$ cat coords.cif   # mmCIF, C-alpha atoms
data_run
loop_
_atom_site.group_PDB
_atom_site.id
_atom_site.type_symbol
_atom_site.label_atom_id
_atom_site.label_comp_id
_atom_site.auth_asym_id
_atom_site.auth_seq_id
_atom_site.Cartn_x
_atom_site.Cartn_y
_atom_site.Cartn_z
ATOM 1 C CA MET A 1 48.542 78.809 -73.692
ATOM 2 C CA ASP A 2 49.209 75.083 -73.292
ATOM 3 C CA SER A 3 49.956 73.719 -76.760
ATOM 4 C CA GLY A 4 49.269 70.207 -77.956
ATOM 5 C CA LEU A 5 48.302 68.552 -81.226
ATOM 6 C CA GLU A 6 45.140 66.957 -79.861
ATOM 7 C CA ARG A 7 44.232 69.705 -77.375
ATOM 8 C CA THR A 8 45.535 73.246 -77.030
ATOM 9 C CA GLY A 9 44.280 74.997 -73.931
ATOM 10 C CA TYR A 10 43.904 78.753 -73.867
ATOM 11 C CA ALA A 11 42.839 81.448 -71.428
ATOM 12 C CA ILE A 12 42.199 85.105 -72.179
ATOM 13 C CA ILE A 13 43.113 87.168 -69.129
ATOM 14 C CA SER A 14 42.714 90.899 -68.595
ATOM 15 C CA LYS A 15 43.356 93.324 -65.789
ATOM 16 C CA ASN A 16 41.412 96.379 -64.733
ATOM 17 C CA GLY A 17 43.209 98.120 -61.879
ATOM 18 C CA GLU A 18 43.994 95.361 -59.398
ATOM 19 C CA LEU A 19 41.238 93.081 -60.705
ATOM 20 C CA ILE A 20 42.387 90.176 -62.868
ATOM 21 C CA THR A 21 39.611 88.516 -64.855
ATOM 22 C CA ILE A 22 39.393 85.474 -67.079
ATOM 23 C CA ASP A 23 37.537 86.750 -70.150
ATOM 24 C CA ASP A 24 37.443 83.413 -71.957
ATOM 25 C CA PHE A 25 39.019 79.977 -71.849
ATOM 26 C CA GLY A 26 38.701 76.753 -73.724
ATOM 27 C CA LEU A 27 40.218 74.072 -75.862
ATOM 28 C CA ILE A 28 41.204 73.995 -79.461
ATOM 29 C CA LYS A 29 40.669 70.313 -80.309
ATOM 30 C CA THR A 30 41.708 68.324 -83.334
ATOM 31 C CA GLU A 31 40.624 64.862 -84.426
ATOM 32 C CA LYS A 32 43.109 61.990 -84.388
ATOM 33 C CA ASN A 33 41.810 60.587 -87.663
ATOM 34 C CA ILE A 34 42.828 63.561 -89.827
ATOM 35 C CA SER A 35 46.293 64.350 -91.154
ATOM 36 C CA ILE A 36 48.792 66.279 -89.054
ATOM 37 C CA GLU A 37 48.860 69.178 -91.513
ATOM 38 C CA LYS A 38 45.057 69.529 -91.307
ATOM 39 C CA ARG A 39 45.218 69.349 -87.517
ATOM 40 C CA LEU A 40 47.836 72.103 -87.454
ATOM 41 C CA LEU A 41 45.700 74.159 -89.822
ATOM 42 C CA ASN A 42 42.724 73.730 -87.467
ATOM 43 C CA ILE A 43 44.834 74.966 -84.542
ATOM 44 C CA SER A 44 46.065 77.946 -86.573
ATOM 45 C CA THR A 45 42.610 78.897 -87.821
ATOM 46 C CA SER A 46 41.064 78.645 -84.356
ATOM 47 C CA LEU A 47 43.833 80.733 -82.822
ATOM 48 C CA GLU A 48 43.466 83.373 -85.561
ATOM 49 C CA LYS A 49 39.764 83.696 -84.672
ATOM 50 C CA LEU A 50 40.607 84.139 -80.987
ATOM 51 C CA LEU A 51 43.196 86.806 -81.799
ATOM 52 C CA LEU A 52 40.712 88.713 -83.960
ATOM 53 C CA LYS A 53 38.069 88.588 -81.244
ATOM 54 C CA PHE A 54 40.208 89.485 -78.208
ATOM 55 C CA LYS A 55 43.219 91.332 -79.689
ATOM 56 C CA PRO A 56 45.709 90.357 -76.966
ATOM 57 C CA GLU A 57 48.921 92.306 -76.481
ATOM 58 C CA ILE A 58 50.923 89.299 -75.354
ATOM 59 C CA ALA A 59 50.702 85.513 -75.409
ATOM 60 C CA ILE A 60 52.245 83.428 -72.671
ATOM 61 C CA LEU A 61 53.169 79.900 -73.635
ATOM 62 C CA GLU A 62 54.146 77.091 -71.346
ATOM 63 C CA GLN A 63 57.700 76.140 -72.272
ATOM 64 C CA ILE A 64 57.872 72.649 -73.730
ATOM 65 C CA PHE A 65 59.211 70.297 -71.077
ATOM 66 C CA PHE A 66 59.456 66.532 -71.341
ATOM 67 C CA ASN A 67 61.104 64.161 -68.943
ATOM 68 C CA ILE A 68 59.328 60.881 -69.704
ATOM 69 C CA ASN A 69 57.290 60.643 -72.915
ATOM 70 C CA LYS A 70 59.670 61.690 -75.668
ATOM 71 C CA LYS A 71 57.336 60.390 -78.419
ATOM 72 C CA THR A 72 54.863 63.210 -77.929
ATOM 73 C CA ILE A 73 57.418 66.025 -77.927
ATOM 74 C CA ILE A 74 57.366 66.266 -81.730
ATOM 75 C CA SER A 75 53.601 66.723 -81.989
ATOM 76 C CA VAL A 76 53.584 69.228 -79.123
ATOM 77 C CA ALA A 77 56.417 71.161 -80.774
ATOM 78 C CA GLN A 78 54.517 71.142 -84.077
ATOM 79 C CA ALA A 79 51.396 72.511 -82.388
ATOM 80 C CA GLN A 80 53.402 75.178 -80.601
ATOM 81 C CA GLY A 81 55.090 76.075 -83.896
ATOM 82 C CA ALA A 82 51.699 76.553 -85.530
ATOM 83 C CA CYS A 83 50.668 78.842 -82.663
ATOM 84 C CA LEU A 84 53.917 80.796 -82.854
ATOM 85 C CA SER A 85 53.468 81.353 -86.574
ATOM 86 C CA VAL A 86 49.968 82.754 -86.064
ATOM 87 C CA LEU A 87 51.101 84.929 -83.168
ATOM 88 C CA ALA A 88 54.027 86.306 -85.180
ATOM 89 C CA LYS A 89 51.756 87.068 -88.134
ATOM 90 C CA ALA A 90 49.408 88.956 -85.809
ATOM 91 C CA LYS A 91 52.377 90.768 -84.206
ATOM 92 C CA VAL A 92 51.505 89.468 -80.742
ATOM 93 C CA LYS A 93 54.455 89.435 -78.351
ATOM 94 C CA VAL A 94 55.284 85.967 -77.002
ATOM 95 C CA GLU A 95 56.810 85.060 -73.658
ATOM 96 C CA TYR A 96 57.403 81.696 -72.023
ATOM 97 C CA LEU A 97 57.148 80.277 -68.542
ATOM 98 C CA THR A 98 58.432 76.872 -67.528
ATOM 99 C CA PRO A 99 56.205 74.499 -65.557
ATOM 100 C CA LEU A 100 58.600 74.979 -62.616
ATOM 101 C CA GLN A 101 58.176 78.781 -62.753
ATOM 102 C CA ILE A 102 54.387 78.515 -62.942
ATOM 103 C CA LYS A 103 54.266 76.218 -59.918
ATOM 104 C CA GLN A 104 56.727 78.370 -57.951
ATOM 105 C CA ILE A 105 54.826 81.591 -58.661
ATOM 106 C CA LEU A 106 51.369 80.209 -57.881
ATOM 107 C CA THR A 107 52.135 77.958 -54.919
ATOM 108 C CA GLY A 108 55.563 78.994 -53.669
ATOM 109 C CA TYR A 109 56.829 75.488 -54.437
ATOM 110 C CA GLY A 110 58.324 74.589 -57.823
ATOM 111 C CA ARG A 111 57.501 70.897 -57.472
ATOM 112 C CA ALA A 112 53.819 71.379 -56.642
ATOM 113 C CA ASP A 113 51.470 68.748 -58.037
ATOM 114 C CA LYS A 114 48.302 69.279 -60.088
ATOM 115 C CA LYS A 115 46.066 69.203 -56.993
ATOM 116 C CA GLN A 116 48.069 71.981 -55.324
ATOM 117 C CA ILE A 117 47.866 74.101 -58.483
ATOM 118 C CA GLU A 118 44.110 73.491 -58.713
ATOM 119 C CA LYS A 119 43.646 74.516 -55.082
ATOM 120 C CA MET A 120 45.545 77.771 -55.662
ATOM 121 C CA LEU A 121 43.580 78.515 -58.853
ATOM 122 C CA LYS A 122 40.321 78.112 -56.922
ATOM 123 C CA ILE A 123 41.585 80.475 -54.214
ATOM 124 C CA ILE A 124 42.961 83.057 -56.653
ATOM 125 C CA LEU A 125 39.873 83.011 -58.879
ATOM 126 C CA ASN A 126 37.471 82.647 -55.931
ATOM 127 C CA ILE A 127 35.580 79.787 -57.594
ATOM 128 C CA ASP A 128 34.605 76.275 -56.548
ATOM 129 C CA ASN A 129 34.780 74.556 -59.924
ATOM 130 C CA LEU A 130 37.567 74.748 -62.469
ATOM 131 C CA PRO A 131 37.307 73.732 -66.126
ATOM 132 C CA GLU A 132 37.508 69.947 -66.520
ATOM 133 C CA SER A 133 40.397 69.938 -68.960
ATOM 134 C CA ASP A 134 43.959 69.849 -67.608
ATOM 135 C CA ASP A 135 45.026 71.794 -70.703
ATOM 136 C CA VAL A 136 42.651 74.649 -69.912
ATOM 137 C CA ARG A 137 43.649 74.690 -66.237
ATOM 138 C CA ASP A 138 47.310 74.752 -67.315
ATOM 139 C CA ALA A 139 46.632 77.672 -69.673
ATOM 140 C CA ILE A 140 44.877 79.605 -66.890
ATOM 141 C CA ALA A 141 47.724 78.853 -64.481
ATOM 142 C CA CYS A 142 50.286 79.966 -67.056
ATOM 143 C CA GLY A 143 48.514 83.274 -67.678
ATOM 144 C CA LEU A 144 47.931 84.015 -63.996
ATOM 145 C CA ALA A 145 51.529 83.186 -63.128
ATOM 146 C CA TYR A 146 52.711 85.657 -65.733
ATOM 147 C CA CYS A 147 50.385 88.318 -64.333
ATOM 148 C CA TYR A 148 51.884 87.854 -60.873
ATOM 149 C CA LEU A 149 55.436 87.634 -62.166
ATOM 150 C CA LYS A 150 55.186 90.867 -64.135
ATOM 151 C CA LYS A 151 52.740 92.547 -61.761
ATOM 152 C CA PHE A 152 50.601 92.746 -64.943
#

$ encode --input "coords.cif" --output "structure tokens"
Amino acid sequence: MDSGLERTGYAIISKNGELITIDDFGLIKTEKNISIEKRLLNISTSLEKLLLKFKPEIAILEQIFFNINKKTIISVAQAQGACLSVLAKAKVKVEYLTPLQIKQILTGYGRADKKQIEKMLKIILNIDNLPESDDVRDAIACGLAYCYLKKF
């Protein structure tokens, strides 16, 4: 999961034997013109629906990391807090991966750029086109990296 107040990317990943599949992916979006508390409620409600539908055993969140834009860290932390609350209520185990870990696991290089990650996702998933949203691609990368790290 790649949390954000405006867009939270998610990917539902499962494994059957050695086959890893992406069962669903998408964005939980909120509108800028509504209050923060209503936006957080929208994120929570949407995540609750996903949890009811897919019943995951574990949620993997990208660890919050900011090196430049410190203004957005608060809203990202609020969105992640809303997700954590819902996950705790549903008794879903939570683990974290840093962006550096995700890049290292998927590409072998911890400082890989977005294009290198996209190329590896296409190879791993054996597809030509990835979802348009960076947040969704990040959520898929996060989930796949965890699968490889833990040998799922």

$ residues_around --input "coords.cif" --residues "A:Val92" --least-positions-apart "6" --cutoff "7 Å" --atoms "only C-alpha atoms" --output "number ranges by chain"
A: 56-59

$ closest_residue --input "coords.cif" --among "A:Leu87, A:Lys49, A:Glu118, A:Ser14" --to "A:Glu132" --atoms "all atoms listed in the file"
A:Glu118

$ atom_distance --input "coords.cif" --atom1 "atom CA of A:Gly17" --atom2 "atom CA of A:Tyr148"
13.5 Å

$ closest_residue --input "coords.cif" --among "A:Ala139, A:Leu27, A:Leu47, A:Met120" --to "A:Gln63" --atoms "all atoms listed in the file"
A:Ala139

$ closest_residue --input "coords.cif" --among "A:Ala77, A:Leu5, A:Ala141, A:Val94" --to "A:Lys32" --atoms "only C-alpha atoms"
A:Leu5

$ residues_around --input "coords.cif" --residues "stretch 102-111 of chain A" --least-positions-apart "3" --cutoff "10 Å" --atoms "all atoms listed in the file" --output "JSON, numbers by chain"
{"A": [62, 97, 98, 99, 114, 116, 117, 118, 119, 120, 121, 124, 138, 141, 142, 143, 144, 145, 146, 147, 148, 149]}

$ build_atoms --input "coords.cif" --residues "stretch 19-45 of chain A" --atoms "N, CA and C atoms" --output "PDB file, keeping the file's coordinate frame"
ATOM      1  N   LEU A  19      42.107  94.222 -60.429  1.00  0.00           N
ATOM      2  CA  LEU A  19      41.238  93.081 -60.705  1.00  0.00           C
ATOM      3  C   LEU A  19      41.705  92.324 -61.950  1.00  0.00           C
ATOM      4  N   ILE A  20      42.022  91.067 -61.763  1.00  0.00           N
ATOM      5  CA  ILE A  20      42.387  90.176 -62.868  1.00  0.00           C
ATOM      6  C   ILE A  20      41.166  89.337 -63.189  1.00  0.00           C
ATOM      7  N   THR A  21      40.780  89.309 -64.469  1.00  0.00           N
ATOM      8  CA  THR A  21      39.611  88.516 -64.855  1.00  0.00           C
ATOM      9  C   THR A  21      39.965  87.564 -65.988  1.00  0.00           C
ATOM     10  N   ILE A  22      39.282  86.443 -65.993  1.00  0.00           N
ATOM     11  CA  ILE A  22      39.393  85.474 -67.079  1.00  0.00           C
ATOM     12  C   ILE A  22      38.241  85.790 -68.028  1.00  0.00           C
ATOM     13  N   ASP A  23      38.558  86.346 -69.187  1.00  0.00           N
ATOM     14  CA  ASP A  23      37.537  86.750 -70.150  1.00  0.00           C
ATOM     15  C   ASP A  23      36.999  85.570 -70.961  1.00  0.00           C
ATOM     16  N   ASP A  24      37.847  84.594 -71.190  1.00  0.00           N
ATOM     17  CA  ASP A  24      37.443  83.413 -71.957  1.00  0.00           C
ATOM     18  C   ASP A  24      38.485  82.327 -71.721  1.00  0.00           C
ATOM     19  N   PHE A  25      38.093  81.103 -71.915  1.00  0.00           N
ATOM     20  CA  PHE A  25      39.019  79.977 -71.849  1.00  0.00           C
ATOM     21  C   PHE A  25      38.404  78.838 -72.635  1.00  0.00           C
ATOM     22  N   GLY A  26      39.224  77.900 -73.003  1.00  0.00           N
ATOM     23  CA  GLY A  26      38.701  76.753 -73.724  1.00  0.00           C
ATOM     24  C   GLY A  26      39.783  75.898 -74.327  1.00  0.00           C
ATOM     25  N   LEU A  27      39.334  75.018 -75.188  1.00  0.00           N
ATOM     26  CA  LEU A  27      40.218  74.072 -75.862  1.00  0.00           C
ATOM     27  C   LEU A  27      40.080  74.211 -77.364  1.00  0.00           C
ATOM     28  N   ILE A  28      41.194  74.175 -78.016  1.00  0.00           N
ATOM     29  CA  ILE A  28      41.204  73.995 -79.461  1.00  0.00           C
ATOM     30  C   ILE A  28      41.496  72.514 -79.654  1.00  0.00           C
ATOM     31  N   LYS A  29      40.524  71.769 -80.161  1.00  0.00           N
ATOM     32  CA  LYS A  29      40.669  70.313 -80.309  1.00  0.00           C
ATOM     33  C   LYS A  29      40.837  69.939 -81.775  1.00  0.00           C
ATOM     34  N   THR A  30      41.599  68.882 -81.992  1.00  0.00           N
ATOM     35  CA  THR A  30      41.708  68.324 -83.334  1.00  0.00           C
ATOM     36  C   THR A  30      41.432  66.827 -83.256  1.00  0.00           C
ATOM     37  N   GLU A  31      40.979  66.280 -84.362  1.00  0.00           N
ATOM     38  CA  GLU A  31      40.624  64.862 -84.426  1.00  0.00           C
ATOM     39  C   GLU A  31      41.835  64.018 -84.802  1.00  0.00           C
ATOM     40  N   LYS A  32      41.976  62.888 -84.135  1.00  0.00           N
ATOM     41  CA  LYS A  32      43.109  61.990 -84.388  1.00  0.00           C
ATOM     42  C   LYS A  32      43.097  61.378 -85.788  1.00  0.00           C
ATOM     43  N   ASN A  33      41.922  61.290 -86.384  1.00  0.00           N
ATOM     44  CA  ASN A  33      41.810  60.587 -87.663  1.00  0.00           C
ATOM     45  C   ASN A  33      42.073  61.479 -88.881  1.00  0.00           C
ATOM     46  N   ILE A  34      42.475  62.719 -88.680  1.00  0.00           N
ATOM     47  CA  ILE A  34      42.828  63.561 -89.827  1.00  0.00           C
ATOM     48  C   ILE A  34      44.338  63.787 -89.854  1.00  0.00           C
ATOM     49  N   SER A  35      44.846  64.203 -90.987  1.00  0.00           N
ATOM     50  CA  SER A  35      46.293  64.350 -91.154  1.00  0.00           C
ATOM     51  C   SER A  35      46.852  65.434 -90.235  1.00  0.00           C
ATOM     52  N   ILE A  36      48.133  65.315 -89.937  1.00  0.00           N
ATOM     53  CA  ILE A  36      48.792  66.279 -89.054  1.00  0.00           C
ATOM     54  C   ILE A  36      48.700  67.690 -89.624  1.00  0.00           C
ATOM     55  N   GLU A  37      48.910  67.832 -90.931  1.00  0.00           N
ATOM     56  CA  GLU A  37      48.860  69.178 -91.513  1.00  0.00           C
ATOM     57  C   GLU A  37      47.475  69.808 -91.375  1.00  0.00           C
ATOM     58  N   LYS A  38      46.412  68.999 -91.481  1.00  0.00           N
ATOM     59  CA  LYS A  38      45.057  69.529 -91.307  1.00  0.00           C
ATOM     60  C   LYS A  38      44.797  69.864 -89.832  1.00  0.00           C
ATOM     61  N   ARG A  39      45.362  69.069 -88.943  1.00  0.00           N
ATOM     62  CA  ARG A  39      45.218  69.349 -87.517  1.00  0.00           C
ATOM     63  C   ARG A  39      45.907  70.662 -87.160  1.00  0.00           C
ATOM     64  N   LEU A  40      47.111  70.860 -87.711  1.00  0.00           N
ATOM     65  CA  LEU A  40      47.836  72.103 -87.454  1.00  0.00           C
ATOM     66  C   LEU A  40      47.106  73.300 -88.052  1.00  0.00           C
ATOM     67  N   LEU A  41      46.497  73.101 -89.212  1.00  0.00           N
ATOM     68  CA  LEU A  41      45.700  74.159 -89.822  1.00  0.00           C
ATOM     69  C   LEU A  41      44.494  74.507 -88.940  1.00  0.00           C
ATOM     70  N   ASN A  42      43.855  73.491 -88.371  1.00  0.00           N
ATOM     71  CA  ASN A  42      42.724  73.730 -87.467  1.00  0.00           C
ATOM     72  C   ASN A  42      43.155  74.552 -86.250  1.00  0.00           C
ATOM     73  N   ILE A  43      44.314  74.216 -85.690  1.00  0.00           N
ATOM     74  CA  ILE A  43      44.834  74.966 -84.542  1.00  0.00           C
ATOM     75  C   ILE A  43      45.079  76.417 -84.956  1.00  0.00           C
ATOM     76  N   SER A  44      45.741  76.603 -86.082  1.00  0.00           N
ATOM     77  CA  SER A  44      46.065  77.946 -86.573  1.00  0.00           C
ATOM     78  C   SER A  44      44.807  78.774 -86.821  1.00  0.00           C
ATOM     79  N   THR A  45      43.845  78.193 -87.495  1.00  0.00           N
ATOM     80  CA  THR A  45      42.610  78.897 -87.821  1.00  0.00           C
ATOM     81  C   THR A  45      41.841  79.283 -86.555  1.00  0.00           C
TER      82      THR A  45
END
